[in-house]
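What follows is a set of notes on a single structure, which appears directly below.
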Amino acid sequence: MKLLKPGWVAQDDHPIFSVDIHPSGTKFATGGQGEDCGRVTVWNLAPILNPKLQKDSTVPKMLCQMDNHLACVNSVRWSGSGKYLASAGDDQRVILWTKSAYGGGAVFGGGGKVNHESYRVAFTLRIHDGDVLDIAWSPGDIWLATASVDNTVVVWDVEKLPSTVAILKGHTGHVKGVTWDPVGKYLATQSADKTLRVWRTSDWGEEAMVSEPFEECGGTTHVLRLDWSPDGQYLVSAHAMNGGGPTAQILERDGWKFEKDFVGHRKAVTCVRFNDNIFEKYLDDVGKKAQYVCLAIGSRDRSLSVWLTSLKRPLFVIHDVFESSILDLAWSKDGLVLLACSMDGSVAAVVLNEKELGTAMTKDTKSALLKKIYGQNIGPAQSSKPVLIENPELLKLAQNGAENTDSEAETAAPVNGNSRAVPNLAKRGPTDKQLEMRTSDGRRRITPIYILPNTETTNQAVMNGNSMSSESFGKYQMQSSSSEAKSKIRVEKLDGVVEPNVSPGKKSSPTSDKPAATVETPAVPKPNMIAIKHKPGPVNTANPAINSGQVSSGSTEVKTSTATDSSDSQAPKVNMIQVKKAPGKPVEAAKKSDDEKVTKKKHHNRIESSSSESDSSDSDSSTSSSDDETASQTSKSGADTDRNGELKAKSKPEQAVTTAPASAPTSASTSAPIVKPSIINNKRKADDQPSSSLPPAKKRGRPPSSIATGTSTPVLKTAPTPVAGTPSGPPPAPTIQPALPPSPSRPCPGLPPISLTNNRQNHYFTQHKVSTKVLNIFVHNDHHRSTAGSLHRVSVHTLATLNSPIVWELVLPSSVTAVLSSSHHLLLSCRDATLHLLSCTGSRILPPVSLPSPPHKLAVSPSGDLLACVTTNARLFIWKLEKIPKVVIKNEEIGPLNRINKKQSISLIKITFSPDKQPILSLSDGSVHTFSSDLGCWVQLVPGRSSPTNIKLASLPPSVASQPLAQLSAGSAGLTMKLDEKLEISCVTSAIEAKLSSSLFLGSSGEYRYWLGALVKNLAKGGHEARLRSILDDLLGPPDRKETASWKSSLLGTEKKTLLEEVLPYVATNMALQRLYSEYKGQVKEKTDLFC
């Protein structure tokens, strides 16, 4: 702390009655007596804070001196914006000064003084019949209150000066102090009639009158400057008495009770000034973070005291710094500088730091705190003048809008961190009973329950935690809301015994061998899960084998799934390996199948892969895309895999696990049983760098001697599943996996190619209707193996059985990966990056179409006239399926898939078509894109779920939730962020406008009308009149409503006049825009044009 008293701040040895610091913190103003006049002086604050500048002759100290008042100036106050400086004096006048654009000059009759700034009189207010002793600006600078010795308080309308709002009469003595509630709801005044009165700003009536603490006071003070705490909970008065001693009385907002006061001064308290900030500090003695406020008190005993409500005693007291009474105090906006002025004509400065005061709460946090205590309408919104309703229809519209908002608040979740009170909360489960069971190993297992918080306790906790309660004033503000009552939760003990890590009621047999075709993806990592992160780039999906290592005899089940939880989209996607312990004896090895006896007797552990976003290629329907059956197969077979049909396994102490990328859709085989290998003792670690670039890693686990001894490891045997897949490279090395070389079937980097999964007797079966004929199609990959390679057969049968007669058949040199159809074509895709177009009779329409790389996704439009293909190197092809197909889009690079994103690898989920037959690609990050032939580039219809501007909006009504854009946005719900009110309105407006433009691009009329109404409602909430006017003008059109090149009377089949009638009531929800509503409402009505 520094105490400074600059001698150059003086008014020619005349008293200084008032001081105030500019909101910028660069200058301050003083008011007092001059030479036969009242004087207002503006000073530079920098030379006081910096001693070096004090000695610099080039740095001005006095900025401007104004001698316009005819008598002593009693009070000076800067407006909250810093635009005006108000001064009031004994000449019964109030002058509002504003900085002039012209430079300064010599002070007339100032004896050589020079003004470095120029101020001019903006307004002179005359209404009082006596000296004006105090002035105060309301929050938002909407009103100005002046207190006078004529026993009145005048409230001025700043926007319409010199008009007044109210003249408050009720005091019977000189009114010596006035202050505003920081929320803008009350105005407090203190008078020489030994009373303190609180006035309402809603109707300017008297809210309360307190006189008891002031009955023993004498009229010995020139001013009585009271002040309100920055959280609005307490009002501290000036001169009061308690037990015959002078005090500063504390009045609580709740009931205007006066049970506490500040004591210690020997003479009457003349002025009180709160620091505008709410401070936070960690208290070691209490062990928690406290919120508190700071105030300064000046007295006639020439002493100055500063108090923190977290301390029982003052922070410091300064004695004898002045020779006469202290008349006024002022804090800087940052709360670190305190100025005090005295009757002796001097000013003292106290400079503090954060270590002494604490950390000031940010403006947004403070605003949120006030909104939590007092509601949304605080500050300028609450302090605004009463609105005169000019149109009675507005009352009904505003009431309907409020009812709709309330109903939405009861059903919708809080948006962007702004919590709204929900009257009826549905209880989730019993709140008075807790289940307790015992596991087989004797441990307790307690089922957690959700306990609904008590409303009264919660509200009390909020008040105690964020405001100054009567118990916490003088102490820290952060109070515990825990109750001393005993818990009413009843624990119910069940006799049953459950296995470890198995929830009651969900027990499964540890030896169950049921096949599991699909494993649900966990939304979040659960217990006993190992997260393996994958970096975007090439990942070996061709070899899912796990090299057998040193494992124990216990039985385990290893499952790999892709985490696709949209709520945590900012984190990179990971693969979850869940290890479930199964009690009891290990499962015996399964019998070897006949096919396995032929192959080499090698064993490997299988990892079953699944994803909530997996989309295997659905080739069963001619109008559906092939993405329902697209899979990154975990076990591969055929001519492109190992000739023996099984992957080799090495006995090493470490196991190299290779899975598909987190974003790649995968599915498990439906024909093989789940294998339960042994518990894995060694740790797995995902490589963030390509394996080929890593140095040889040291082997961990057991020493190599354990291998040399030939210790056998019990491994379960599995039969290979004959499914088609991508070609498998050589088995990975024990410690380092070499990078895959580029190949037509698996480009590096790239997307996984599609493949078929056998579903009937080692065949893939599907039905398609081509040219009114139903084709029963059987695909047999690896039909025959020869020295030149494998042959793959496609046969069409008369019936849906393999033994039925063959209608026609086709032999291909590469395995078939997808079967689709249109109204006149049968489409086959092969692993060698070729497409085959056949007629219903099996004849070729075209020679094989060779693509740059194998297909990753194939889709036929619902009308059956378009075929879309996305290759593994992220290229798009669109063909029009006529008798001779023609290209619509050729070899177009998919830019959104080629983004470099270190957090997650982006993959393609599915292909759909817009109503105007444009391709729509849905990506794994939640974003949706379409290609515009007119623009020649990609257009983003839905942003990614982790985009900072993708703000979560209110839930859609059922009529809109089924529309095209809503369906596309299902995977990108949006983020919930805590923002201040203004920024939230801007972010929500931007998000709504993005929805509006996407609806227009897709031609979705219903969604466009919904989002247009939401946009107008949000703009009305923020009071954006100019933006609303531009929207309404476009809907209204020219006076004659004739269409021009720049204006059309309809939009997406809806008349703009109808849209205007729909959105106009939303404007009426803001009473400040009632004239805008009335203006356009009159033009919408029929026959309003007099010249029509």
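In the structure tokens, each chain is lettered A, B, ... as it comes, each chain's residues begin at 1, and ligands are numbered from 1 in order of appearance.
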Just want the 12 Å neighbourhood of Pro162 (chain A), counted on only C-alpha atoms, with same-chain residues fewer than 6 positions away dropped. Output as a ChimeraX atom specification.
/A:93-96,122-127,143-144,154-156
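Neighbouring residues of Asp261 (chain A) at 8 Å or closer, counting only C-alpha atoms and skipping chain neighbours under 5 positions away, are Thr247, Ala248, Gln249 and Ile250 of chain A.
In this structure, CA of Ala268 (chain A) sits 21.4 Å away from CA of Trp331 (chain A).
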Can you pull out the residues contacting Leu338 (chain A)? Cut-off 12 Å, using only C-alpha atoms, and skip same-chain residues under 4 positions away; I want them as a short mmCIF file (atom, residue, chain, number, x, y, z; two decimals) with all heavy atoms, in the first residue's frame.
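So out_30.cif came out as:
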```
data_model
loop_
_atom_site.label_atom_id
_atom_site.label_comp_id
_atom_site.auth_asym_id
_atom_site.auth_seq_id
_atom_site.Cartn_x
_atom_site.Cartn_y
_atom_site.Cartn_z
N MET A 1 0.84 -1.20 0.00
CA MET A 1 0.00 0.00 0.00
C MET A 1 0.87 1.24 0.00
O MET A 1 1.90 1.29 0.68
CB MET A 1 -0.91 0.01 1.22
CG MET A 1 -1.88 1.19 1.25
SD MET A 1 -2.74 1.36 2.82
CE MET A 1 -1.44 2.02 3.83
N LYS A 2 0.47 2.23 -0.79
CA LYS A 2 1.17 3.50 -0.83
C LYS A 2 0.21 4.62 -0.47
O LYS A 2 -0.93 4.64 -0.94
CB LYS A 2 1.74 3.75 -2.22
CG LYS A 2 2.80 2.75 -2.67
CD LYS A 2 3.29 3.08 -4.06
CE LYS A 2 4.33 2.07 -4.54
NZ LYS A 2 4.80 2.38 -5.91
N LEU A 3 0.68 5.55 0.35
CA LEU A 3 -0.10 6.73 0.71
C LEU A 3 0.59 7.94 0.11
O LEU A 3 1.75 8.23 0.42
CB LEU A 3 -0.21 6.87 2.22
CG LEU A 3 -0.94 8.13 2.73
CD1 LEU A 3 -2.37 8.16 2.23
CD2 LEU A 3 -0.90 8.20 4.25
N LEU A 4 -0.12 8.63 -0.78
CA LEU A 4 0.44 9.78 -1.49
C LEU A 4 -0.46 10.99 -1.25
O LEU A 4 -1.68 10.87 -1.23
CB LEU A 4 0.54 9.49 -2.99
CG LEU A 4 1.27 8.19 -3.39
CD1 LEU A 4 1.08 7.92 -4.87
CD2 LEU A 4 2.75 8.31 -3.05
N LYS A 5 0.21 12.13 -1.11
CA LYS A 5 -0.55 13.37 -0.95
C LYS A 5 0.10 14.46 -1.79
O LYS A 5 1.01 15.17 -1.35
CB LYS A 5 -0.61 13.80 0.52
CG LYS A 5 -1.62 14.93 0.77
CD LYS A 5 -1.78 15.23 2.25
CE LYS A 5 -2.83 16.31 2.46
NZ LYS A 5 -2.97 16.68 3.89
N VAL A 19 -14.73 14.82 -4.88
CA VAL A 19 -13.72 14.25 -5.78
C VAL A 19 -14.32 13.02 -6.45
O VAL A 19 -15.12 12.30 -5.85
CB VAL A 19 -12.42 13.89 -5.02
CG1 VAL A 19 -12.67 12.80 -3.99
CG2 VAL A 19 -11.32 13.47 -5.98
N ASP A 20 -13.94 12.77 -7.70
CA ASP A 20 -14.42 11.59 -8.41
C ASP A 20 -13.43 11.25 -9.52
O ASP A 20 -12.86 12.14 -10.17
CB ASP A 20 -15.81 11.82 -9.01
CG ASP A 20 -16.51 10.52 -9.36
OD1 ASP A 20 -16.36 9.54 -8.59
OD2 ASP A 20 -17.20 10.45 -10.39
N ILE A 21 -13.21 9.93 -9.74
CA ILE A 21 -12.26 9.44 -10.73
C ILE A 21 -13.01 9.06 -12.00
O ILE A 21 -14.06 8.43 -11.96
CB ILE A 21 -11.47 8.23 -10.19
CG1 ILE A 21 -10.73 8.60 -8.91
CG2 ILE A 21 -10.49 7.70 -11.23
CD1 ILE A 21 -9.98 7.43 -8.28
N GLY A 25 -9.84 5.85 -15.57
CA GLY A 25 -8.77 5.79 -14.59
C GLY A 25 -7.57 6.65 -14.91
O GLY A 25 -6.52 6.50 -14.28
N PHE A 28 -9.10 12.66 -12.81
CA PHE A 28 -10.12 12.80 -11.78
C PHE A 28 -10.53 14.26 -11.69
O PHE A 28 -9.81 15.17 -12.16
CB PHE A 28 -9.63 12.28 -10.43
CG PHE A 28 -8.50 13.07 -9.82
CD1 PHE A 28 -8.73 14.05 -8.86
CD2 PHE A 28 -7.18 12.83 -10.20
CE1 PHE A 28 -7.70 14.76 -8.29
CE2 PHE A 28 -6.13 13.54 -9.64
CZ PHE A 28 -6.38 14.51 -8.68
N LEU A 45 -4.27 11.94 -13.41
CA LEU A 45 -4.00 10.99 -12.33
C LEU A 45 -2.63 10.33 -12.47
O LEU A 45 -2.06 9.86 -11.48
CB LEU A 45 -5.09 9.91 -12.31
CG LEU A 45 -5.09 8.92 -11.14
CD1 LEU A 45 -5.23 9.65 -9.81
CD2 LEU A 45 -6.20 7.89 -11.32
N ILE A 48 0.33 11.30 -10.14
CA ILE A 48 0.18 10.87 -8.75
C ILE A 48 0.66 9.43 -8.59
O ILE A 48 1.35 9.10 -7.62
CB ILE A 48 -1.28 11.01 -8.29
CG1 ILE A 48 -1.71 12.49 -8.34
CG2 ILE A 48 -1.48 10.46 -6.89
CD1 ILE A 48 -3.14 12.72 -7.93
N LEU A 49 0.31 8.58 -9.54
CA LEU A 49 0.65 7.18 -9.45
C LEU A 49 2.11 6.91 -9.81
O LEU A 49 2.70 5.94 -9.33
CB LEU A 49 -0.27 6.35 -10.37
CG LEU A 49 -1.78 6.53 -10.13
CD1 LEU A 49 -2.57 5.68 -11.11
CD2 LEU A 49 -2.14 6.18 -8.69
N ARG A 273 -18.00 5.11 0.73
CA ARG A 273 -17.90 4.80 -0.71
C ARG A 273 -17.44 3.35 -0.88
O ARG A 273 -16.38 2.97 -0.39
CB ARG A 273 -16.91 5.75 -1.40
CG ARG A 273 -16.98 5.74 -2.93
CD ARG A 273 -18.21 6.48 -3.43
NE ARG A 273 -18.28 6.52 -4.88
CZ ARG A 273 -17.88 7.54 -5.62
NH1 ARG A 273 -17.35 8.62 -5.05
NH2 ARG A 273 -18.01 7.51 -6.93
N PHE A 274 -18.28 2.57 -1.54
CA PHE A 274 -17.94 1.18 -1.83
C PHE A 274 -17.06 1.09 -3.07
O PHE A 274 -17.23 1.85 -4.04
CB PHE A 274 -19.21 0.35 -2.07
CG PHE A 274 -19.79 -0.26 -0.84
CD1 PHE A 274 -20.80 0.38 -0.13
CD2 PHE A 274 -19.33 -1.49 -0.38
CE1 PHE A 274 -21.34 -0.19 1.00
CE2 PHE A 274 -19.86 -2.05 0.76
CZ PHE A 274 -20.87 -1.41 1.46
N ASN A 275 -16.14 0.14 -3.03
CA ASN A 275 -15.40 -0.22 -4.24
C ASN A 275 -16.37 -0.90 -5.20
O ASN A 275 -17.18 -1.73 -4.79
CB ASN A 275 -14.25 -1.17 -3.87
CG ASN A 275 -13.24 -1.32 -4.98
OD1 ASN A 275 -13.57 -1.51 -6.13
ND2 ASN A 275 -11.96 -1.24 -4.61
N ASP A 276 -16.30 -0.57 -6.48
CA ASP A 276 -17.25 -1.11 -7.45
C ASP A 276 -17.06 -2.59 -7.73
O ASP A 276 -17.89 -3.21 -8.39
CB ASP A 276 -17.15 -0.35 -8.78
CG ASP A 276 -17.72 1.05 -8.66
OD1 ASP A 276 -18.52 1.29 -7.74
OD2 ASP A 276 -17.35 1.92 -9.48
N CYS A 294 -15.38 -4.30 -0.59
CA CYS A 294 -14.50 -3.36 0.11
C CYS A 294 -15.17 -1.99 0.13
O CYS A 294 -15.80 -1.59 -0.86
CB CYS A 294 -13.14 -3.29 -0.60
SG CYS A 294 -12.02 -2.05 0.04
N LEU A 295 -15.04 -1.30 1.25
CA LEU A 295 -15.60 0.05 1.34
C LEU A 295 -14.68 0.93 2.17
O LEU A 295 -13.91 0.46 3.01
CB LEU A 295 -16.99 0.04 1.95
CG LEU A 295 -17.14 -0.14 3.46
CD1 LEU A 295 -18.48 0.42 3.91
CD2 LEU A 295 -17.03 -1.60 3.85
N ALA A 296 -14.76 2.22 1.88
CA ALA A 296 -13.97 3.22 2.60
C ALA A 296 -14.92 4.15 3.34
O ALA A 296 -16.00 4.47 2.85
CB ALA A 296 -13.09 4.00 1.64
N ILE A 297 -14.50 4.58 4.52
CA ILE A 297 -15.31 5.47 5.36
C ILE A 297 -14.47 6.67 5.75
O ILE A 297 -13.33 6.53 6.21
CB ILE A 297 -15.81 4.73 6.63
CG1 ILE A 297 -16.66 3.51 6.24
CG2 ILE A 297 -16.59 5.67 7.54
CD1 ILE A 297 -17.11 2.69 7.43
N GLY A 298 -15.03 7.86 5.55
CA GLY A 298 -14.39 9.11 5.96
C GLY A 298 -15.18 9.79 7.06
O GLY A 298 -16.42 9.70 7.11
N LEU A 304 -9.40 8.04 7.95
CA LEU A 304 -9.94 7.28 6.84
C LEU A 304 -9.76 5.79 7.14
O LEU A 304 -8.65 5.36 7.48
CB LEU A 304 -9.21 7.64 5.53
CG LEU A 304 -9.48 6.77 4.31
CD1 LEU A 304 -10.91 6.94 3.84
CD2 LEU A 304 -8.50 7.14 3.19
N SER A 305 -10.82 4.99 7.04
CA SER A 305 -10.74 3.56 7.30
C SER A 305 -11.23 2.80 6.08
O SER A 305 -12.18 3.22 5.41
CB SER A 305 -11.57 3.16 8.53
OG SER A 305 -12.94 3.47 8.33
N VAL A 306 -10.57 1.68 5.81
CA VAL A 306 -10.95 0.81 4.69
C VAL A 306 -11.26 -0.56 5.27
O VAL A 306 -10.45 -1.12 6.03
CB VAL A 306 -9.83 0.74 3.64
CG1 VAL A 306 -10.17 -0.28 2.57
CG2 VAL A 306 -9.60 2.12 3.02
N ASP A 328 -15.35 13.66 0.93
CA ASP A 328 -15.74 12.79 -0.18
C ASP A 328 -14.65 11.76 -0.45
O ASP A 328 -13.46 11.97 -0.12
CB ASP A 328 -16.00 13.61 -1.46
CG ASP A 328 -16.89 12.86 -2.44
OD1 ASP A 328 -17.34 11.75 -2.11
OD2 ASP A 328 -17.14 13.39 -3.55
N LEU A 329 -15.06 10.64 -1.04
CA LEU A 329 -14.17 9.54 -1.38
C LEU A 329 -14.46 9.09 -2.81
O LEU A 329 -15.58 9.24 -3.31
CB LEU A 329 -14.37 8.36 -0.42
CG LEU A 329 -14.14 8.63 1.07
CD1 LEU A 329 -14.68 7.47 1.90
CD2 LEU A 329 -12.65 8.82 1.35
N ALA A 330 -13.45 8.50 -3.45
CA ALA A 330 -13.63 8.01 -4.82
C ALA A 330 -12.70 6.84 -5.07
O ALA A 330 -11.52 6.88 -4.69
CB ALA A 330 -13.37 9.12 -5.84
N TRP A 331 -13.24 5.76 -5.70
CA TRP A 331 -12.46 4.59 -6.09
C TRP A 331 -12.30 4.58 -7.61
O TRP A 331 -13.20 5.00 -8.34
CB TRP A 331 -13.16 3.30 -5.68
CG TRP A 331 -13.16 2.98 -4.22
CD1 TRP A 331 -14.14 3.28 -3.32
CD2 TRP A 331 -12.14 2.29 -3.49
NE1 TRP A 331 -13.80 2.82 -2.06
CE2 TRP A 331 -12.57 2.19 -2.14
CE3 TRP A 331 -10.91 1.73 -3.83
CZ2 TRP A 331 -11.82 1.58 -1.15
CZ3 TRP A 331 -10.16 1.11 -2.83
CH2 TRP A 331 -10.60 1.04 -1.52
N SER A 332 -11.16 4.07 -8.08
CA SER A 332 -10.99 3.85 -9.51
C SER A 332 -11.76 2.60 -9.92
O SER A 332 -12.13 1.77 -9.08
CB SER A 332 -9.51 3.69 -9.85
OG SER A 332 -8.94 2.59 -9.16
N LYS A 333 -11.99 2.45 -11.22
CA LYS A 333 -12.77 1.31 -11.71
C LYS A 333 -12.08 -0.02 -11.43
O LYS A 333 -12.75 -1.03 -11.19
CB LYS A 333 -13.04 1.45 -13.21
CG LYS A 333 -14.17 2.40 -13.55
CD LYS A 333 -15.49 1.88 -13.02
CE LYS A 333 -16.62 2.84 -13.36
NZ LYS A 333 -17.91 2.36 -12.80
N ASP A 334 -10.74 -0.05 -11.46
CA ASP A 334 -10.05 -1.29 -11.16
C ASP A 334 -9.98 -1.58 -9.67
O ASP A 334 -9.53 -2.65 -9.25
CB ASP A 334 -8.64 -1.29 -11.76
CG ASP A 334 -7.77 -0.15 -11.22
OD1 ASP A 334 -8.22 0.56 -10.30
OD2 ASP A 334 -6.66 0.02 -11.74
N VAL A 347 -5.97 16.72 -1.29
CA VAL A 347 -6.41 15.41 -1.74
C VAL A 347 -5.32 14.41 -1.41
O VAL A 347 -4.13 14.68 -1.62
CB VAL A 347 -6.72 15.40 -3.25
CG1 VAL A 347 -6.98 13.98 -3.75
CG2 VAL A 347 -7.91 16.29 -3.57
N ALA A 348 -5.72 13.24 -0.91
CA ALA A 348 -4.78 12.15 -0.62
C ALA A 348 -5.16 10.94 -1.47
O ALA A 348 -6.34 10.70 -1.75
CB ALA A 348 -4.80 11.78 0.86
N ALA A 349 -4.13 10.19 -1.86
CA ALA A 349 -4.33 9.00 -2.69
C ALA A 349 -3.76 7.78 -1.98
O ALA A 349 -2.66 7.83 -1.43
CB ALA A 349 -3.67 9.18 -4.05
N VAL A 350 -4.51 6.68 -1.99
CA VAL A 350 -4.06 5.40 -1.45
C VAL A 350 -4.02 4.41 -2.60
O VAL A 350 -5.05 4.18 -3.26
CB VAL A 350 -5.01 4.90 -0.35
CG1 VAL A 350 -4.53 3.55 0.19
CG2 VAL A 350 -5.12 5.92 0.78
N VAL A 351 -2.84 3.86 -2.86
CA VAL A 351 -2.64 2.91 -3.96
C VAL A 351 -2.46 1.52 -3.36
O VAL A 351 -1.56 1.30 -2.54
CB VAL A 351 -1.43 3.29 -4.83
CG1 VAL A 351 -1.29 2.33 -6.00
CG2 VAL A 351 -1.57 4.73 -5.33
N LEU A 352 -3.32 0.59 -3.75
CA LEU A 352 -3.30 -0.78 -3.23
C LEU A 352 -2.92 -1.75 -4.34
O LEU A 352 -2.78 -1.37 -5.51
CB LEU A 352 -4.67 -1.13 -2.66
CG LEU A 352 -5.20 -0.19 -1.56
CD1 LEU A 352 -6.66 -0.49 -1.27
CD2 LEU A 352 -4.37 -0.32 -0.29
N ASN A 353 -2.75 -3.01 -3.99
CA ASN A 353 -2.46 -4.05 -4.98
C ASN A 353 -3.35 -5.25 -4.72
O ASN A 353 -4.08 -5.31 -3.73
CB ASN A 353 -0.98 -4.44 -4.96
CG ASN A 353 -0.51 -4.85 -3.56
OD1 ASN A 353 -1.17 -5.63 -2.88
ND2 ASN A 353 0.62 -4.30 -3.12
#
```
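For His784 (chain A), the list of residues within 12 Å, based on only C-alpha atoms and with local chain neighbours fewer than 6 positions off taken out, reads Gly638, Ala639, Ser790, Leu791, His792, Arg793, Val811, Leu812, Pro813, Ser814 and Ser815 of chain A.
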List every residue of region 896-1063 of chain A that DSSP, applied to the backbone, labels as helix (DSSP H, G or I), and write the result as a PyMOL selection string.
chain A and resi 896-898+958-961+964-971+981-1002+1005-1022+1025-1036+1056-1063
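When the distance limit is 8 Å and only C-alpha atoms are what count, the residues near Thr221 (chain A), minus those fewer than 2 positions from it on the same chain, are A:Gly219, A:Val223, A:Leu224, A:His239, A:Ala268, A:Thr270, A:Arg300.
Distance check against Asp13 (chain A) using only C-alpha atoms: of A:Gly974, A:Glu117, A:Ala71, A:Gly32, the minimum falls on A:Gly32.
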Backbone DSSP call of strand (DSSP E or B) for region 17-191 of chain A, listed as number ranges by chain:
A: 17-21, 27-33, 38-44, 62-69, 73-78, 84-89, 93-99, 106, 114, 119-126, 132-137, 143-148, 152-157, 164-169, 175-180, 186-191
What lies within 7 Å of region 819-831 of chain A using only C-alpha atoms, ignoring chain neighbours under 3 positions off, as a PDB file with C-alpha atoms, in the first residue's frame?
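The new file out-v9.pdb reads:
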```pdb
ATOM      1  CA  SER A 619     -26.768 -53.869 -50.923  1.00  0.00           C
ATOM      2  CA  SER A 622     -31.898 -50.783 -54.874  1.00  0.00           C
ATOM      3  CA  SER A 745      -6.857 -51.706 -52.554  1.00  0.00           C
ATOM      4  CA  HIS A 768     -32.719 -56.639 -56.267  1.00  0.00           C
ATOM      5  CA  VAL A 770     -34.153 -54.596 -62.081  1.00  0.00           C
ATOM      6  CA  SER A 771     -36.492 -53.845 -64.986  1.00  0.00           C
ATOM      7  CA  SER A 814     -11.437 -59.618 -58.196  1.00  0.00           C
ATOM      8  CA  SER A 815     -13.616 -60.045 -55.157  1.00  0.00           C
ATOM      9  CA  VAL A 816     -16.999 -58.306 -55.166  1.00  0.00           C
ATOM     10  CA  THR A 834     -13.664 -51.448 -61.036  1.00  0.00           C
ATOM     11  CA  LEU A 835     -17.410 -51.007 -61.508  1.00  0.00           C
ATOM     12  CA  HIS A 836     -19.509 -53.389 -63.597  1.00  0.00           C
ATOM     13  CA  LEU A 837     -22.878 -52.354 -65.058  1.00  0.00           C
ATOM     14  CA  LEU A 838     -25.130 -55.258 -66.038  1.00  0.00           C
ATOM     15  CA  SER A 839     -28.641 -55.634 -67.321  1.00  0.00           C
ATOM     16  CA  CYS A 840     -31.243 -57.869 -65.716  1.00  0.00           C
ATOM     17  CA  PRO A 854     -11.465 -48.757 -54.783  1.00  0.00           C
ATOM     18  CA  GLY A 864     -32.768 -44.558 -58.984  1.00  0.00           C
ATOM     19  CA  ASP A 865     -31.373 -42.287 -61.681  1.00  0.00           C
TER      20      ASP A 865
END
```
Near Gly1022 (chain A), within 12 Å and counting only C-alpha atoms, which residues show up once chain neighbours fewer than 2 positions away are dropped, as a VMD selection string?
chain A and resid 381 981 to 989 1015 to 1020 1024 to 1028 1067 1069 to 1073
Counting only C-alpha atoms, what are the residues of region 150-231 of chain A within 12 Å of region 362-374 of chain A, and for each of them which pair of atoms is the nearest and at what distance in Å, to one decimal? Sort the table by chain and rising number, as a tab-separated table.
```
residue	atom	partner	partner_atom	distance
A:Asp181	CA	A:Leu370	CA	11.9
A:Pro182	CA	A:Leu370	CA	9.3
A:Val183	CA	A:Leu370	CA	7.7
A:Gly184	CA	A:Tyr374	CA	10.8
A:Lys185	CA	A:Tyr374	CA	10.1
A:Ser229	CA	A:Leu370	CA	11.9
A:Pro230	CA	A:Lys366	CA	9.1
A:Asp231	CA	A:Leu370	CA	6.6
```
Prev. selection, N, CA and C atoms, output as a compact mmCIF listing (two decimals), in the first residue's frame:
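Written output follows (out_17.txt):
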```
# COMPACT_ATOMS: atom_id res chain seq x y z
N ASP A 181 -29.28 2.09 -6.19
CA ASP A 181 -29.11 0.64 -6.12
C ASP A 181 -28.40 0.18 -7.40
N PRO A 182 -27.32 -0.63 -7.32
CA PRO A 182 -26.61 -1.05 -8.53
C PRO A 182 -27.48 -1.86 -9.48
N VAL A 183 -28.58 -2.40 -9.01
CA VAL A 183 -29.49 -3.13 -9.89
C VAL A 183 -30.47 -2.18 -10.56
N GLY A 184 -30.61 -0.97 -10.04
CA GLY A 184 -31.48 0.03 -10.63
C GLY A 184 -32.91 -0.04 -10.16
N LYS A 185 -33.17 -0.71 -9.04
CA LYS A 185 -34.54 -0.84 -8.56
C LYS A 185 -34.89 0.19 -7.51
N SER A 229 -23.75 -1.36 -1.64
CA SER A 229 -22.73 -2.36 -1.95
C SER A 229 -22.88 -2.79 -3.41
N PRO A 230 -21.78 -3.22 -4.06
CA PRO A 230 -21.86 -3.54 -5.49
C PRO A 230 -22.76 -4.73 -5.81
N ASP A 231 -23.07 -5.58 -4.84
CA ASP A 231 -24.00 -6.67 -5.10
C ASP A 231 -25.43 -6.29 -4.75
```
